[in-house]
$ cat model-v3.cif   # mmCIF, C-alpha atoms and all ligand atoms
data_coords
#
loop_
_atom_site.group_PDB
_atom_site.id
_atom_site.type_symbol
_atom_site.label_atom_id
_atom_site.label_comp_id
_atom_site.auth_asym_id
_atom_site.auth_seq_id
_atom_site.Cartn_x
_atom_site.Cartn_y
_atom_site.Cartn_z
ATOM 1 C CA MET P 1 -10.909 -6.423 7.313
ATOM 2 C CA ASN P 2 -10.100 -7.919 10.690
ATOM 3 C CA ASP P 3 -12.116 -11.038 11.466
ATOM 4 C CA SER P 4 -13.301 -9.973 14.924
ATOM 5 C CA PRO P 5 -14.548 -6.414 14.723
ATOM 6 C CA THR P 6 -15.975 -6.644 18.243
ATOM 7 C CA GLN P 7 -12.626 -7.530 19.768
ATOM 8 C CA PRO P 8 -10.530 -4.411 20.339
ATOM 9 C CA ILE P 9 -7.018 -4.455 18.960
ATOM 10 C CA GLU P 10 -4.421 -4.251 21.714
ATOM 11 C CA ILE P 11 -1.634 -1.768 21.124
ATOM 12 C CA LEU P 12 1.332 -1.074 23.370
ATOM 13 C CA LEU P 13 2.734 2.442 23.129
ATOM 14 C CA VAL P 14 6.188 2.818 24.673
ATOM 15 C CA GLU P 15 6.636 6.565 25.070
ATOM 16 C CA ASP P 16 8.264 8.595 27.823
ATOM 17 C CA SER P 17 6.844 11.931 26.706
ATOM 18 C CA ALA P 18 3.487 12.256 28.475
ATOM 19 C CA SER P 19 2.264 14.854 25.974
ATOM 20 C CA ASP P 20 3.222 12.724 22.931
ATOM 21 C CA ALA P 21 1.572 9.698 24.537
ATOM 22 C CA LYS P 22 -1.589 11.660 25.241
ATOM 23 C CA LEU P 23 -1.798 13.045 21.696
ATOM 24 C CA THR P 24 -1.156 9.633 20.139
ATOM 25 C CA LEU P 25 -3.796 8.044 22.356
ATOM 26 C CA LYS P 26 -6.272 10.774 21.442
ATOM 27 C CA ALA P 27 -5.557 10.308 17.741
ATOM 28 C CA PHE P 28 -6.208 6.558 18.026
ATOM 29 C CA ARG P 29 -9.464 7.293 19.824
ATOM 30 C CA GLU P 30 -10.496 9.426 16.856
ATOM 31 C CA THR P 31 -10.271 6.417 14.582
ATOM 32 C CA THR P 32 -13.587 4.716 14.136
ATOM 33 C CA ARG P 33 -12.654 1.257 15.360
ATOM 34 C CA ASP P 34 -11.943 -0.275 18.753
ATOM 35 C CA ARG P 35 -8.351 0.038 19.830
ATOM 36 C CA ASN P 36 -6.977 -0.451 23.304
ATOM 37 C CA VAL P 37 -3.835 1.615 23.600
ATOM 38 C CA ARG P 38 -1.791 0.917 26.708
ATOM 39 C CA ILE P 39 1.106 3.173 27.563
ATOM 40 C CA VAL P 40 4.364 2.477 29.365
ATOM 41 C CA ALA P 41 6.945 5.214 29.860
ATOM 42 C CA ASP P 42 10.311 3.438 29.861
ATOM 43 C CA GLY P 43 12.114 0.434 28.437
ATOM 44 C CA VAL P 44 12.135 -1.602 31.639
ATOM 45 C CA GLU P 45 8.371 -1.210 31.979
ATOM 46 C CA ALA P 46 7.939 -2.175 28.320
ATOM 47 C CA ILE P 47 9.708 -5.507 28.836
ATOM 48 C CA ALA P 48 7.852 -6.111 32.129
ATOM 49 C CA PHE P 49 4.552 -5.450 30.325
ATOM 50 C CA LEU P 50 5.390 -7.771 27.446
ATOM 51 C CA ARG P 51 6.511 -10.535 29.785
ATOM 52 C CA ARG P 52 3.491 -9.897 32.038
ATOM 53 C CA GLN P 53 5.633 -9.406 35.100
ATOM 54 C CA GLY P 54 4.528 -7.816 38.370
ATOM 55 C CA ASP P 55 1.596 -5.445 37.967
ATOM 56 C CA TYR P 56 1.289 -6.469 34.316
ATOM 57 C CA ASN P 57 0.428 -10.129 34.892
ATOM 58 C CA GLU P 58 -3.189 -9.595 33.846
ATOM 59 C CA CYS P 59 -2.354 -7.457 30.818
ATOM 60 C CA PRO P 60 -3.167 -8.701 27.332
ATOM 61 C CA ARG P 61 -0.557 -9.495 24.763
ATOM 62 C CA PRO P 62 -0.294 -6.507 22.417
ATOM 63 C CA GLN P 63 -0.878 -7.103 18.714
ATOM 64 C CA LEU P 64 1.208 -4.104 17.720
ATOM 65 C CA ILE P 65 3.964 -2.174 19.492
ATOM 66 C CA LEU P 66 4.782 1.490 18.919
ATOM 67 C CA LEU P 67 8.260 2.015 20.283
ATOM 68 C CA ASP P 68 10.059 5.278 20.975
ATOM 69 C CA LEU P 69 13.860 5.051 20.863
ATOM 70 C CA ASN P 70 14.911 7.640 23.417
ATOM 71 C CA LEU P 71 13.624 6.086 26.593
ATOM 72 C CA PRO P 72 14.767 6.126 30.207
ATOM 73 C CA LYS P 73 16.188 3.037 31.973
ATOM 74 C CA LYS P 74 16.473 0.941 28.809
ATOM 75 C CA ASN P 75 16.502 2.540 25.376
ATOM 76 C CA GLY P 76 14.256 1.572 22.491
ATOM 77 C CA LEU P 77 16.950 -0.290 20.564
ATOM 78 C CA GLU P 78 17.651 -2.465 23.610
ATOM 79 C CA VAL P 79 13.923 -3.115 24.009
ATOM 80 C CA LEU P 80 13.650 -3.966 20.304
ATOM 81 C CA ALA P 81 16.619 -6.354 20.522
ATOM 82 C CA GLU P 82 15.022 -8.131 23.490
ATOM 83 C CA ILE P 83 11.655 -8.433 21.767
ATOM 84 C CA LYS P 84 13.120 -9.841 18.575
ATOM 85 C CA ALA P 85 15.404 -12.251 20.471
ATOM 86 C CA ASP P 86 12.436 -13.696 22.359
ATOM 87 C CA PRO P 87 10.522 -16.472 20.516
ATOM 88 C CA ASP P 88 7.359 -15.596 22.457
ATOM 89 C CA LEU P 89 7.458 -11.922 21.494
ATOM 90 C CA ARG P 90 9.207 -11.660 18.152
ATOM 91 C CA SER P 91 6.070 -12.136 16.055
ATOM 92 C CA ILE P 92 4.531 -8.918 17.400
ATOM 93 C CA PRO P 93 5.116 -6.190 14.805
ATOM 94 C CA VAL P 94 7.154 -3.282 16.162
ATOM 95 C CA ILE P 95 6.842 0.192 14.703
ATOM 96 C CA VAL P 96 9.731 2.389 15.767
ATOM 97 C CA LEU P 97 8.314 5.862 16.326
ATOM 98 C CA THR P 98 10.937 8.423 17.170
ATOM 99 C CA THR P 99 12.141 11.971 16.619
ATOM 100 C CA SER P 100 15.554 10.597 15.635
ATOM 101 C CA GLU P 101 16.536 10.997 11.998
ATOM 102 C CA ASP P 102 19.954 9.526 12.644
ATOM 103 C CA GLU P 103 20.673 7.018 9.887
ATOM 104 C CA ARG P 104 22.442 4.784 12.407
ATOM 105 C CA ASP P 105 19.198 4.532 14.377
ATOM 106 C CA ILE P 106 17.257 3.754 11.202
ATOM 107 C CA PHE P 107 19.779 1.131 10.083
ATOM 108 C CA THR P 108 20.109 -0.460 13.531
ATOM 109 C CA SER P 109 16.342 -0.591 13.987
ATOM 110 C CA TYR P 110 15.899 -2.538 10.751
ATOM 111 C CA GLN P 111 18.889 -4.695 11.533
ATOM 112 C CA LEU P 112 17.191 -5.569 14.824
ATOM 113 C CA GLN P 113 14.083 -6.545 12.803
ATOM 114 C CA ALA P 114 11.909 -3.496 13.410
ATOM 115 C CA ASN P 115 8.857 -3.853 11.167
ATOM 116 C CA CYS P 116 9.006 -0.220 10.173
ATOM 117 C CA TYR P 117 10.565 3.066 11.222
ATOM 118 C CA ILE P 118 8.559 6.271 11.389
ATOM 119 C CA ARG P 119 9.781 9.741 12.187
ATOM 120 C CA LYS P 120 7.535 11.199 14.869
ATOM 121 C CA PRO P 121 5.867 14.329 13.471
ATOM 122 C CA PHE P 122 6.027 17.628 15.333
ATOM 123 C CA HIS P 123 2.623 19.007 14.517
ATOM 124 C CA LEU P 124 -0.681 17.763 15.819
ATOM 125 C CA GLN P 125 -2.339 17.405 12.430
ATOM 126 C CA GLN P 126 0.630 15.446 11.099
ATOM 127 C CA LEU P 127 0.478 13.200 14.142
ATOM 128 C CA ARG P 128 -3.206 12.584 13.503
ATOM 129 C CA ASN P 129 -2.472 11.775 9.863
ATOM 130 C CA MET P 130 0.295 9.392 10.917
ATOM 131 C CA VAL P 131 -1.946 7.575 13.394
ATOM 132 C CA ASN P 132 -4.622 7.355 10.727
ATOM 133 C CA LEU P 133 -2.183 5.821 8.261
ATOM 134 C CA ILE P 134 -0.843 3.387 10.871
ATOM 135 C CA ASP P 135 -4.398 2.465 11.724
ATOM 136 C CA LYS P 136 -5.433 1.928 8.122
ATOM 137 C CA PHE P 137 -2.359 -0.054 7.144
ATOM 138 C CA TRP P 138 -1.353 -2.010 10.262
ATOM 139 C CA LEU P 139 -4.754 -2.489 11.855
ATOM 140 C CA ASP P 140 -7.033 -2.799 8.858
ATOM 141 C CA LEU P 141 -5.165 -3.965 5.766
ATOM 142 C CA VAL P 142 -2.491 -6.088 7.447
ATOM 143 C CA LYS P 143 -3.319 -9.409 9.055
ATOM 144 C CA LEU P 144 -1.736 -9.304 12.477
ATOM 145 C CA PRO P 145 -0.423 -12.421 14.174
ATOM 146 C CA PRO P 146 -2.972 -14.246 16.322
ATOM 147 C CA THR P 147 -2.904 -13.677 20.052
ATOM 148 C CA ASP P 148 -3.299 -17.342 21.060
ATOM 149 C CA ILE P 149 0.256 -18.057 20.092
ATOM 150 C CA HIS P 150 0.532 -21.311 22.015
ATOM 151 C CA LEU P 151 -1.608 -22.864 19.262
ATOM 152 C CA PHE P 152 0.929 -21.912 16.656
ATOM 153 C CA THR P 153 4.306 -22.572 18.194
ATOM 154 C CA VAL P 154 6.509 -24.789 16.071
ATOM 155 C CA GLU P 155 6.491 -27.492 18.766
ATOM 156 C CA SER P 156 2.704 -27.804 18.698
ATOM 157 C CA ARG P 157 2.293 -27.917 14.938
ATOM 158 C CA SER P 158 2.087 -31.315 13.312
ATOM 159 C CA ASP P 159 2.130 -29.888 9.784
ATOM 160 C CA ILE P 160 5.706 -28.700 10.097
ATOM 161 C CA ALA P 161 8.144 -31.493 9.308
ATOM 162 C CA ASP P 162 11.015 -32.202 11.671
HETATM 163 MG MG MG P 201 11.431 9.648 24.195
#
$ encode --input "model-v3.cif" --output "structure tokens"
Amino acid sequence: MNDSPTQPIEILLVEDSASDAKLTLKAFRETTRDRNVRIVADGVEAIAFLRRQGDYNECPRPQLILLDLNLPKKNGLEVLAEIKADPDLRSIPVIVLTTSEDERDIFTSYQLQANCYIRKPFHLQQLRNMVNLIDKFWLDLVKLPPTDIHLFTVESRSDIAD
């Protein structure tokens, strides 16, 4: 249902577990459509990637973020708070993907404007099913925000009254 089937969808996966990252990446590759999944392993790298700092200056803007909560250097809730406080980044949907079942984490994630919260499954087949569902819902059914956001900022729109 996406308008540009030839253009891969850019996904940022923020995950410090190399094995979880690998399995998630593999599961996305098993979906039939083009997805570019880029992986960063801690919260500081996630923010650097999103702000295109340092080595990330050529990286594309992700259209969807999968965010682990337990991360080194800067935890997922801090990353989420920074994303949603930043007018340039806050329109990117963030899926919190974590092993935590702590209701405080769930509540705080939504309070910080997470777009959804998913408990990371333990088993490979469940992980595949989860990725499939994410893919079908978030990357097929849902219309994601455009990537050329400078065209849509409030300042540049004449159809929004002062
Ligand atoms: Mg982790």
$ residues_around --input "model-v3.cif" --residues "Tyr56 of chain P" --least-positions-apart "5" --cutoff "10 Å" --atoms "only C-alpha atoms" --output "PyMOL selection string"
chain P and resi 45-46+48-51
$ residues_near_ligand --input "model-v3.cif" --ligand "ligand MG 201 (chain P)" --cutoff "12 Å" --atoms "all atoms listed in the file" --output "PyMOL selection string"
chain P and resi 13-21+40-43+66-77+96-100+120
$ atom_distance --input "model-v3.cif" --atom1 "atom CA of Leu89 of chain P" --atom2 "atom CA of Asp34 of chain P"
22.8 Å
$ axis_aligned_box --input "model-v3.cif" --around "segment 108-121 of chain P" --padding-each-side "6 Å" --output "JSON"
{"center_x": 13.0, "center_y": 3.9, "center_z": 12.5, "size_x": 26.2, "size_y": 32.9, "size_z": 16.7}
$ residues_near_point --input "model-v3.cif" --point "(-0.5, 6.2, 21.3)" --cutoff "8 Å" --atoms "only C-alpha atoms" --output "list in words"
Leu12, Leu13, Asp20, Ala21, Lys22, Leu23, Thr24, Leu25, Lys26, Ala27, Phe28, Val37, Arg38, Ile39 and Leu66 of chain P
$ atom_distance --input "model-v3.cif" --atom1 "atom CA of Thr108 of chain P" --atom2 "atom CA of Leu124 of chain P"
27.7 Å
$ atom_distance --input "model-v3.cif" --atom1 "atom CA of Arg104 of chain P" --atom2 "atom CA of Leu80 of chain P"
14.7 Å
$ closest_residue --input "model-v3.cif" --among "P:Thr31, P:Asn36, P:Ser91, P:Asn57" --to "Pro145 of chain P" --atoms "all atoms listed in the file"
P:Ser91
$ closest_residue --input "model-v3.cif" --among "P:Phe107, P:His123, P:Leu64, P:Pro87" --to "Phe137 of chain P" --atoms "all atoms listed in the file"
P:Leu64
$ closest_residue --input "model-v3.cif" --among "P:Gln126, P:Gln53, P:Asn115, P:Asn132" --to "Pro93 of chain P" --atoms "all atoms listed in the file"
P:Asn115
$ decode --input "model-v3.cif" --residues "segment 122-139 of chain P" --atoms "C-alpha atoms" --output "tab-separated table (two decimals), in the first residue's frame"
chain	number	residue	atom	x	y	z
P	122	PHE	CA	11.98	-15.24	23.54
P	123	HIS	CA	11.52	-17.79	20.80
P	124	LEU	CA	12.64	-17.48	17.23
P	125	GLN	CA	9.29	-18.32	15.68
P	126	GLN	CA	7.54	-15.77	17.89
P	127	LEU	CA	10.11	-13.18	16.90
P	128	ARG	CA	9.46	-13.94	13.24
P	129	ASN	CA	5.71	-13.62	13.81
P	130	MET	CA	6.23	-10.31	15.61
P	131	VAL	CA	8.38	-8.90	12.80
P	132	ASN	CA	5.78	-10.07	10.30
P	133	LEU	CA	3.02	-8.30	12.20
P	134	ILE	CA	5.09	-5.13	12.57
P	135	ASP	CA	5.84	-5.28	8.88
P	136	LYS	CA	2.23	-5.79	7.87
P	137	PHE	CA	0.82	-3.13	10.16
P	138	TRP	CA	3.49	-0.41	10.35
P	139	LEU	CA	5.05	-0.79	6.92
